[in-house]
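Participant: Pasting a structure below so you can have a look.
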Amino acid sequence: MEQLLYEGKAKQLFTTEDPNVLRVKYKDDATAFNGEKKAKLEGKGELNNRITAKFFQYLAERGIPNHFIKVISPTEQLVKKMNMIPLEVVVRNRVAGSLIKRIGLSEGFKLSQPIIEFYYKQDELGDPLLNQDHIAVLELATEEQLMEMKKIAKQVNLLLNEWAEQQHIILVDFKLEFGSLDGKILLADEISPDTCRFWDKQSGEILDKDRFRKDLGQVTDAYQEILLRLGGNEDV
Ligand code: 5GP
C-alpha cells in the first residue's frame, strides 16, 4: 500500500512498492513568507512537475546526478529515496530578496562572484541563515558534505547560467536541496520558478514566484514561459 510520507507546502511525498523509490505529487498551492500568504494557482503543480523534470534531465545529461527518475503523470514524478539534509543551499548571482536587507546593495546588482548560503529548513525558526559552525554543532552535515554541496551548487550554477544565457534569461538566484544515498551527496527536491528567480533579459519581466509574492498577477503564465524556454511543452 502506498502511503503519504510527508506533505509540504507545494508537494506531497508518497511511498511506492519499491522501498528505494518515492512518488512526488506537485500541488497547485502557492505559499510565501513562511506560509503567511496562501493561494491555489491552477496548473502550477503540473508546470513545476514538468519544469523540474526538464532541469533535472538537463543537469543529469551534463554530469550532475540527481534524485529524479521519471515523470509518471502531469503532476507526478518518481524520485530516488534519500536521507535528506535539512539545509537549503541558496546560490546568488545578483542581489534580490533577503540579500537586499542583509548587505544593503540594490536589487539587480551583479555580484562579482556567486554567493552561496545555507539556511536551516525549520519552519518554526523561519528558515534562518546558518554558518558552518552552526551546521557542525547541529550536526546537520559533515564538513566534507558541505564542501561537496558547495561544489555541486557551483556546477549547477554554471550549467543553469548556460541555459539562461541561451534563453535570454537572467538567473538571479536559486535554492537547492541535497540528500545522501549510499554515502554520496545527491541533488534532490525541485528546480522550478518556485525555487529560482528568473528575469527576462530584454524586458526585465519577472518569470518566477516573485510574481505571487509581489502580487504581480499572471503567475502561471510566467511559469509556462519558463517551460517553453526549456523546450518542454509535450504531453506526458
Ligand atoms: P531569498 O533568501 O532571497 O528569499 O531567496 C533566495 C532564492 O532561494 C530565491 O530564488 C527563492 O525562491 C529561493 N528560496 C529560498 N528559500 C526558499 C523556500 O523556503 N522555498 C522555496 N520554494 N524557495 C526558496
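Residues are referred to by chain and number: the chain letter is A, B, ... according to the order shown in the C-alpha cells, the number counts from 1 in that chain, and ligands are numbered separately from 1 in the order shown.
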Give me the chain A side of the contact with ligand 1, cut-off 9 Å, one line per residue showing its nearest atom pair and distance in Å at one decimal, counting only C-alpha atoms and all ligand atoms, sorted by chain and residue number, as a tab-separated table.

Facilitator:
residue	atom	partner	partner_atom_place_in_ligand_line	distance
A:Lys9	CA	ligand 1	22 (N)	8.8
A:Ala10	CA	ligand 1	22 (N)	8.2
A:Thr31	CA	ligand 1	22 (N)	8.5
A:Ala32	CA	ligand 1	20 (N)	8.0
A:Phe33	CA	ligand 1	19 (O)	8.5
A:Asn34	CA	ligand 1	19 (O)	7.1
A:Glu88	CA	ligand 1	16 (N)	6.8
A:Val89	CA	ligand 1	8 (O)	7.9
A:Val90	CA	ligand 1	8 (O)	5.3
A:Val91	CA	ligand 1	7 (C)	7.2
A:Arg92	CA	ligand 1	6 (C)	7.2
A:Val95	CA	ligand 1	3 (O)	8.2
A:Ala96	CA	ligand 1	3 (O)	5.6
A:Gly97	CA	ligand 1	3 (O)	3.3
A:Ser98	CA	ligand 1	3 (O)	3.9
A:Leu99	CA	ligand 1	3 (O)	5.7
A:Ile100	CA	ligand 1	3 (O)	7.9
A:Glu117	CA	ligand 1	2 (O)	8.8
A:Tyr119	CA	ligand 1	16 (N)	7.8
A:Lys121	CA	ligand 1	19 (O)	7.5
A:Asp123	CA	ligand 1	19 (O)	8.5
A:Gly126	CA	ligand 1	19 (O)	8.7
A:Asp127	CA	ligand 1	19 (O)	7.0
A:Leu129	CA	ligand 1	2 (O)	8.8
A:Val172	CA	ligand 1	10 (O)	7.3
A:Asp173	CA	ligand 1	10 (O)	4.8
A:Phe174	CA	ligand 1	10 (O)	3.9
A:Lys175	CA	ligand 1	8 (O)	4.2
A:Leu176	CA	ligand 1	8 (O)	7.9
A:Glu190	CA	ligand 1	22 (N)	8.4
A:Ile191	CA	ligand 1	22 (N)	8.8
A:Ser192	CA	ligand 1	22 (N)	8.3
A:Pro193	CA	ligand 1	12 (O)	7.2
A:Asp194	CA	ligand 1	22 (N)	4.8
A:Thr195	CA	ligand 1	23 (N)	3.9
A:Cys196	CA	ligand 1	10 (O)	3.6
A:Arg197	CA	ligand 1	10 (O)	4.4
A:Phe198	CA	ligand 1	10 (O)	8.2
A:Asp208	CA	ligand 1	12 (O)	7.9
A:Lys209	CA	ligand 1	12 (O)	6.7
A:Asp210	CA	ligand 1	12 (O)	7.7

Participant: For the residues in that selection, give me C-alpha atoms as a CSV table (one decimal), in the first residue's frame.

Facilitator:
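The new file out_34.csv reads:
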chain,number,residue,atom,x,y,z
A,9,LYS,CA,3.6,23.4,1.2
A,10,ALA,CA,3.8,22.6,-2.5
A,31,THR,CA,2.7,29.9,-0.3
A,32,ALA,CA,5.1,32.8,0.6
A,33,PHE,CA,6.5,34.4,3.7
A,34,ASN,CA,6.8,31.2,5.6
A,88,GLU,CA,18.5,25.0,1.8
A,89,VAL,CA,21.5,25.9,-0.3
A,90,VAL,CA,21.0,29.2,-2.0
A,91,VAL,CA,23.2,30.4,-4.9
A,92,ARG,CA,23.0,34.1,-5.8
A,95,VAL,CA,21.1,41.0,-5.4
A,96,ALA,CA,17.4,40.2,-4.7
A,97,GLY,CA,15.1,39.1,-2.0
A,98,SER,CA,16.5,38.7,1.5
A,99,LEU,CA,20.0,39.7,0.4
A,100,ILE,CA,18.9,43.3,-0.1
A,117,GLU,CA,24.4,30.5,1.6
A,119,TYR,CA,19.6,28.1,5.5
A,121,LYS,CA,15.0,24.1,7.0
A,123,ASP,CA,9.6,26.4,9.7
A,126,GLY,CA,11.7,30.8,9.9
A,127,ASP,CA,14.5,29.0,8.0
A,129,LEU,CA,20.8,31.6,7.8
A,172,VAL,CA,19.2,35.9,-10.3
A,173,ASP,CA,19.3,33.2,-7.6
A,174,PHE,CA,18.1,29.8,-6.8
A,175,LYS,CA,17.7,27.3,-3.9
A,176,LEU,CA,18.8,23.7,-3.9
A,190,GLU,CA,12.8,20.7,-7.1
A,191,ILE,CA,14.2,23.3,-9.5
A,192,SER,CA,11.4,25.5,-10.7
A,193,PRO,CA,10.2,29.1,-10.7
A,194,ASP,CA,9.1,28.4,-7.1
A,195,THR,CA,12.7,27.9,-6.2
A,196,CYS,CA,14.6,30.2,-8.6
A,197,ARG,CA,14.5,33.9,-9.6
A,198,PHE,CA,14.4,34.4,-13.4
A,208,ASP,CA,9.1,33.3,-11.1
A,209,LYS,CA,7.3,33.1,-7.8
A,210,ASP,CA,8.1,36.8,-7.0

Participant: Which of chain A counts as strand (DSSP E or B) under DSSP, as a PyMOL selection string please?

Facilitator: chain A and resi 4-7+11-15+21-26+29-32+37-40+66+68-73+76-80+83-84+87-94+110-120+129-130+169-181+184-188+196-200+206

Participant: One decimal, Å: what's the distance from atom CA of Met147 of chain A over to atom CA of Phe178 of chain A, could you say?

Facilitator: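 Separation between atom CA of Met147 of chain A and atom CA of Phe178 of chain A: 12.3 Å.
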
Participant: Counting only C-alpha atoms, what is within 10 Å of Gly179 of chain A, bar same-chain residues fewer than 2 positions away, as a PDB file with C-alpha atoms, in the first residue's frame?

Facilitator:
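result-v9.pdb, freshly written:
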ATOM      1  CA  ASN A  66      20.213  13.811  -9.012  1.00  0.00           C
ATOM      2  CA  HIS A  67      17.224  12.054  -7.464  1.00  0.00           C
ATOM      3  CA  LYS A  80      15.123   8.067  -5.520  1.00  0.00           C
ATOM      4  CA  LYS A  81      14.570   7.811  -1.784  1.00  0.00           C
ATOM      5  CA  MET A  82      17.374   9.541   0.097  1.00  0.00           C
ATOM      6  CA  ASN A  83      18.307  10.786   3.543  1.00  0.00           C
ATOM      7  CA  MET A  84      17.553  14.461   3.158  1.00  0.00           C
ATOM      8  CA  ILE A  85      19.909  17.043   4.630  1.00  0.00           C
ATOM      9  CA  PRO A  86      17.762  19.726   6.330  1.00  0.00           C
ATOM     10  CA  LEU A  87      19.509  22.635   4.609  1.00  0.00           C
ATOM     11  CA  GLN A 145      29.307  17.006   2.769  1.00  0.00           C
ATOM     12  CA  MET A 149      27.234  20.563  -1.698  1.00  0.00           C
ATOM     13  CA  GLU A 177      18.325  20.781  -1.526  1.00  0.00           C
ATOM     14  CA  LEU A 181      22.372   7.984  -0.815  1.00  0.00           C
ATOM     15  CA  GLY A 183      27.337   7.674   1.186  1.00  0.00           C
ATOM     16  CA  LYS A 184      27.084  10.030  -1.795  1.00  0.00           C
ATOM     17  CA  ILE A 185      25.640  13.535  -1.850  1.00  0.00           C
ATOM     18  CA  LEU A 186      22.922  13.883  -4.486  1.00  0.00           C
ATOM     19  CA  LEU A 187      20.901  16.844  -5.688  1.00  0.00           C
ATOM     20  CA  ALA A 188      17.215  16.447  -4.768  1.00  0.00           C
ATOM     21  CA  ASP A 189      13.908  18.277  -4.289  1.00  0.00           C
TER      22      ASP A 189
END

Participant: Fewer than 3 positions away in the same chain doesn't count, so skip those; otherwise give me all residues within 7 Å of Gln167 of chain A, counting only C-alpha atoms, as JSON, numbers by chain.

Facilitator: {"A": [163, 164, 229]}

Participant: Looking at A:Ile170, A:Glu144, A:Gly231, A:Val137, which one is nearest to Glu205 of chain A, with distances taken over only C-alpha atoms?

Facilitator: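 The closest residue to Glu205 of chain A is A:Ile170.
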
Participant: Considering only C-alpha atoms, state which residue in the set A:Gly43, A:Phe118, A:Leu5, A:Lys27 is at the smallest distance from Ala222 of chain A.

Facilitator: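 For Ala222 of chain A, the nearest of the candidates is A:Gly43.
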
Participant: Determine, counting only C-alpha atoms, which protein, DNA and RNA residues have an atom within 8 Å of an atom of Asp29 of chain A; residues of the same chain fewer than 6 positions away are not included. Present the result as a ChimeraX atom specification.

Facilitator: /A:9-10,38-41,44-45

Participant: Taking only C-alpha atoms into account, which of A:Leu228, A:Asn49, A:Lys37, A:Ile72 comes nearest Lys11 of chain A?

Facilitator: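 Closest to Lys11 of chain A of all the choices is A:Asn49.
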
Participant: Taking only C-alpha atoms into account, which of A:Phe109, A:Asp18, A:Gly8, A:His168 comes nearest Ala30 of chain A?

Facilitator: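 Counting only C-alpha atoms, the residue closest to Ala30 of chain A is A:Gly8.
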
Participant: If you run DSSP on the backbone here, which positions in segment 35-107 of chain A get alpha helix (DSSP H)? Please write them as a ChimeraX atom specification.

Facilitator: /A:44-61,98-103

Participant: Restricting it to N, CA and C atoms, dump the selection as a PDB file, in the first residue's frame.

Facilitator:
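For reference, selection_26.pdb as written:
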ATOM      1  N   LYS A  44      -0.253  25.163 -11.573  1.00  0.00           N
ATOM      2  CA  LYS A  44       1.125  25.340 -11.093  1.00  0.00           C
ATOM      3  C   LYS A  44       1.802  23.995 -10.810  1.00  0.00           C
ATOM      4  N   GLY A  45       1.030  23.053 -10.240  1.00  0.00           N
ATOM      5  CA  GLY A  45       1.614  21.746  -9.923  1.00  0.00           C
ATOM      6  C   GLY A  45       2.136  21.060 -11.173  1.00  0.00           C
ATOM      7  N   GLU A  46       1.335  21.087 -12.215  1.00  0.00           N
ATOM      8  CA  GLU A  46       1.729  20.458 -13.479  1.00  0.00           C
ATOM      9  C   GLU A  46       2.957  21.151 -14.071  1.00  0.00           C
ATOM     10  N   LEU A  47       2.956  22.469 -14.042  1.00  0.00           N
ATOM     11  CA  LEU A  47       4.090  23.211 -14.601  1.00  0.00           C
ATOM     12  C   LEU A  47       5.372  22.899 -13.826  1.00  0.00           C
ATOM     13  N   ASN A  48       5.306  22.915 -12.502  1.00  0.00           N
ATOM     14  CA  ASN A  48       6.523  22.661 -11.723  1.00  0.00           C
ATOM     15  C   ASN A  48       7.003  21.214 -11.863  1.00  0.00           C
ATOM     16  N   ASN A  49       6.063  20.287 -12.011  1.00  0.00           N
ATOM     17  CA  ASN A  49       6.453  18.893 -12.247  1.00  0.00           C
ATOM     18  C   ASN A  49       7.244  18.785 -13.556  1.00  0.00           C
ATOM     19  N   ARG A  50       6.737  19.426 -14.597  1.00  0.00           N
ATOM     20  CA  ARG A  50       7.397  19.347 -15.915  1.00  0.00           C
ATOM     21  C   ARG A  50       8.711  20.123 -15.943  1.00  0.00           C
ATOM     22  N   ILE A  51       8.691  21.312 -15.321  1.00  0.00           N
ATOM     23  CA  ILE A  51       9.901  22.152 -15.326  1.00  0.00           C
ATOM     24  C   ILE A  51      11.021  21.477 -14.530  1.00  0.00           C
ATOM     25  N   THR A  52      10.683  20.952 -13.356  1.00  0.00           N
ATOM     26  CA  THR A  52      11.697  20.268 -12.531  1.00  0.00           C
ATOM     27  C   THR A  52      12.279  19.077 -13.283  1.00  0.00           C
ATOM     28  N   ALA A  53      11.404  18.317 -13.943  1.00  0.00           N
ATOM     29  CA  ALA A  53      11.875  17.161 -14.715  1.00  0.00           C
ATOM     30  C   ALA A  53      12.876  17.620 -15.778  1.00  0.00           C
ATOM     31  N   LYS A  54      12.540  18.699 -16.482  1.00  0.00           N
ATOM     32  CA  LYS A  54      13.426  19.221 -17.542  1.00  0.00           C
ATOM     33  C   LYS A  54      14.777  19.644 -16.973  1.00  0.00           C
ATOM     34  N   PHE A  55      14.750  20.385 -15.864  1.00  0.00           N
ATOM     35  CA  PHE A  55      16.017  20.852 -15.278  1.00  0.00           C
ATOM     36  C   PHE A  55      16.854  19.668 -14.787  1.00  0.00           C
ATOM     37  N   PHE A  56      16.217  18.696 -14.127  1.00  0.00           N
ATOM     38  CA  PHE A  56      16.990  17.562 -13.618  1.00  0.00           C
ATOM     39  C   PHE A  56      17.563  16.715 -14.766  1.00  0.00           C
ATOM     40  N   GLN A  57      16.788  16.579 -15.856  1.00  0.00           N
ATOM     41  CA  GLN A  57      17.311  15.830 -17.010  1.00  0.00           C
ATOM     42  C   GLN A  57      18.497  16.589 -17.627  1.00  0.00           C
ATOM     43  N   TYR A  58      18.317  17.889 -17.772  1.00  0.00           N
ATOM     44  CA  TYR A  58      19.373  18.753 -18.329  1.00  0.00           C
ATOM     45  C   TYR A  58      20.659  18.604 -17.495  1.00  0.00           C
ATOM     46  N   LEU A  59      20.520  18.631 -16.173  1.00  0.00           N
ATOM     47  CA  LEU A  59      21.704  18.550 -15.304  1.00  0.00           C
ATOM     48  C   LEU A  59      22.320  17.150 -15.332  1.00  0.00           C
ATOM     49  N   ALA A  60      21.474  16.113 -15.324  1.00  0.00           N
ATOM     50  CA  ALA A  60      21.988  14.734 -15.347  1.00  0.00           C
ATOM     51  C   ALA A  60      22.794  14.487 -16.624  1.00  0.00           C
ATOM     52  N   GLU A  61      22.275  15.003 -17.757  1.00  0.00           N
ATOM     53  CA  GLU A  61      22.973  14.822 -19.043  1.00  0.00           C
ATOM     54  C   GLU A  61      24.326  15.530 -19.052  1.00  0.00           C
ATOM     55  N   SER A  98      16.005  38.419   0.151  1.00  0.00           N
ATOM     56  CA  SER A  98      16.505  38.669   1.506  1.00  0.00           C
ATOM     57  C   SER A  98      17.917  39.248   1.525  1.00  0.00           C
ATOM     58  N   LEU A  99      18.650  39.122   0.405  1.00  0.00           N
ATOM     59  CA  LEU A  99      20.026  39.656   0.381  1.00  0.00           C
ATOM     60  C   LEU A  99      20.039  41.190   0.401  1.00  0.00           C
ATOM     61  N   ILE A 100      18.963  41.796  -0.095  1.00  0.00           N
ATOM     62  CA  ILE A 100      18.909  43.271  -0.127  1.00  0.00           C
ATOM     63  C   ILE A 100      19.067  43.811   1.291  1.00  0.00           C
ATOM     64  N   LYS A 101      18.333  43.220   2.224  1.00  0.00           N
ATOM     65  CA  LYS A 101      18.382  43.693   3.622  1.00  0.00           C
ATOM     66  C   LYS A 101      19.707  43.326   4.284  1.00  0.00           C
ATOM     67  N   ARG A 102      20.282  42.184   3.863  1.00  0.00           N
ATOM     68  CA  ARG A 102      21.484  41.714   4.550  1.00  0.00           C
ATOM     69  C   ARG A 102      22.717  42.508   4.175  1.00  0.00           C
ATOM     70  N   ILE A 103      22.862  42.867   2.886  1.00  0.00           N
ATOM     71  CA  ILE A 103      24.114  43.552   2.523  1.00  0.00           C
ATOM     72  C   ILE A 103      23.898  44.966   1.981  1.00  0.00           C
TER      73      ILE A 103
END

Participant: Write out as a list in words the residues lying within 10 Å of Leu4 of chain A, counting only C-alpha atoms and excluding same-chain residues fewer than 6 positions away.

Facilitator: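 Residues meeting the cut-off are Gln12, Leu13, Phe14, Thr15, Thr16, Leu22, Arg23 and Val24 of chain A.
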
Participant: Would you put the residues from that selection into a file with all heavy atoms, as a PDB file, in the first residue's frame?

Facilitator:
ATOM      1  N   GLN A  12       3.458  16.663  -2.201  1.00  0.00           N
ATOM      2  CA  GLN A  12       3.217  15.510  -1.331  1.00  0.00           C
ATOM      3  C   GLN A  12       4.198  14.421  -1.730  1.00  0.00           C
ATOM      4  O   GLN A  12       4.516  14.287  -2.921  1.00  0.00           O
ATOM      5  CB  GLN A  12       1.799  14.973  -1.532  1.00  0.00           C
ATOM      6  CG  GLN A  12       0.712  15.893  -1.026  1.00  0.00           C
ATOM      7  CD  GLN A  12      -0.661  15.355  -1.404  1.00  0.00           C
ATOM      8  OE1 GLN A  12      -0.871  14.956  -2.545  1.00  0.00           O
ATOM      9  NE2 GLN A  12      -1.575  15.357  -0.463  1.00  0.00           N
ATOM     10  N   LEU A  13       4.612  13.652  -0.743  1.00  0.00           N
ATOM     11  CA  LEU A  13       5.591  12.595  -0.981  1.00  0.00           C
ATOM     12  C   LEU A  13       4.980  11.267  -0.548  1.00  0.00           C
ATOM     13  O   LEU A  13       4.542  11.134   0.596  1.00  0.00           O
ATOM     14  CB  LEU A  13       6.819  12.906  -0.122  1.00  0.00           C
ATOM     15  CG  LEU A  13       8.172  12.428  -0.556  1.00  0.00           C
ATOM     16  CD1 LEU A  13       8.471  12.876  -1.974  1.00  0.00           C
ATOM     17  CD2 LEU A  13       9.222  13.000   0.393  1.00  0.00           C
ATOM     18  N   PHE A  14       4.946  10.306  -1.476  1.00  0.00           N
ATOM     19  CA  PHE A  14       4.344   9.004  -1.181  1.00  0.00           C
ATOM     20  C   PHE A  14       5.377   7.888  -1.307  1.00  0.00           C
ATOM     21  O   PHE A  14       6.299   7.986  -2.136  1.00  0.00           O
ATOM     22  CB  PHE A  14       3.218   8.697  -2.177  1.00  0.00           C
ATOM     23  CG  PHE A  14       2.065   9.657  -2.124  1.00  0.00           C
ATOM     24  CD1 PHE A  14       2.077  10.814  -2.896  1.00  0.00           C
ATOM     25  CD2 PHE A  14       0.975   9.402  -1.301  1.00  0.00           C
ATOM     26  CE1 PHE A  14       1.009  11.705  -2.858  1.00  0.00           C
ATOM     27  CE2 PHE A  14      -0.098  10.291  -1.256  1.00  0.00           C
ATOM     28  CZ  PHE A  14      -0.078  11.440  -2.036  1.00  0.00           C
ATOM     29  N   THR A  15       5.170   6.823  -0.539  1.00  0.00           N
ATOM     30  CA  THR A  15       5.978   5.618  -0.744  1.00  0.00           C
ATOM     31  C   THR A  15       5.469   4.929  -2.018  1.00  0.00           C
ATOM     32  O   THR A  15       4.377   5.236  -2.499  1.00  0.00           O
ATOM     33  CB  THR A  15       5.835   4.643   0.439  1.00  0.00           C
ATOM     34  OG1 THR A  15       4.446   4.302   0.565  1.00  0.00           O
ATOM     35  CG2 THR A  15       6.334   5.250   1.735  1.00  0.00           C
ATOM     36  N   THR A  16       6.269   4.005  -2.544  1.00  0.00           N
ATOM     37  CA  THR A  16       5.829   3.179  -3.673  1.00  0.00           C
ATOM     38  C   THR A  16       6.096   1.717  -3.306  1.00  0.00           C
ATOM     39  O   THR A  16       6.608   1.439  -2.208  1.00  0.00           O
ATOM     40  CB  THR A  16       6.603   3.503  -4.968  1.00  0.00           C
ATOM     41  OG1 THR A  16       7.966   3.112  -4.773  1.00  0.00           O
ATOM     42  CG2 THR A  16       6.522   4.970  -5.335  1.00  0.00           C
ATOM     43  N   LEU A  22      10.355   6.943  -4.324  1.00  0.00           N
ATOM     44  CA  LEU A  22       9.208   7.705  -3.806  1.00  0.00           C
ATOM     45  C   LEU A  22       8.477   8.363  -4.965  1.00  0.00           C
ATOM     46  O   LEU A  22       9.058   8.604  -6.028  1.00  0.00           O
ATOM     47  CB  LEU A  22       9.668   8.782  -2.825  1.00  0.00           C
ATOM     48  CG  LEU A  22      10.374   8.299  -1.553  1.00  0.00           C
ATOM     49  CD1 LEU A  22      10.814   9.499  -0.717  1.00  0.00           C
ATOM     50  CD2 LEU A  22       9.468   7.391  -0.727  1.00  0.00           C
ATOM     51  N   ARG A  23       7.201   8.654  -4.728  1.00  0.00           N
ATOM     52  CA  ARG A  23       6.399   9.377  -5.727  1.00  0.00           C
ATOM     53  C   ARG A  23       6.153  10.784  -5.188  1.00  0.00           C
ATOM     54  O   ARG A  23       5.688  10.956  -4.057  1.00  0.00           O
ATOM     55  CB  ARG A  23       5.074   8.640  -5.949  1.00  0.00           C
ATOM     56  CG  ARG A  23       4.097   9.379  -6.848  1.00  0.00           C
ATOM     57  CD  ARG A  23       2.964   8.446  -7.296  1.00  0.00           C
ATOM     58  NE  ARG A  23       2.186   7.916  -6.185  1.00  0.00           N
ATOM     59  CZ  ARG A  23       1.077   8.500  -5.706  1.00  0.00           C
ATOM     60  NH1 ARG A  23       0.631   9.616  -6.236  1.00  0.00           N
ATOM     61  NH2 ARG A  23       0.415   7.949  -4.698  1.00  0.00           N
ATOM     62  N   VAL A  24       6.483  11.776  -6.007  1.00  0.00           N
ATOM     63  CA  VAL A  24       6.254  13.176  -5.627  1.00  0.00           C
ATOM     64  C   VAL A  24       5.048  13.679  -6.396  1.00  0.00           C
ATOM     65  O   VAL A  24       4.983  13.517  -7.620  1.00  0.00           O
ATOM     66  CB  VAL A  24       7.461  14.074  -6.004  1.00  0.00           C
ATOM     67  CG1 VAL A  24       7.232  15.511  -5.526  1.00  0.00           C
ATOM     68  CG2 VAL A  24       8.748  13.522  -5.434  1.00  0.00           C
TER      69      VAL A  24
END

Participant: To one decimal place, how far is atom CA of Gln224 of chain A from atom CA of Leu207 of chain A in Å?

Facilitator: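 According to the coordinates, atom CA of Gln224 of chain A and atom CA of Leu207 of chain A are separated by 9.1 Å.
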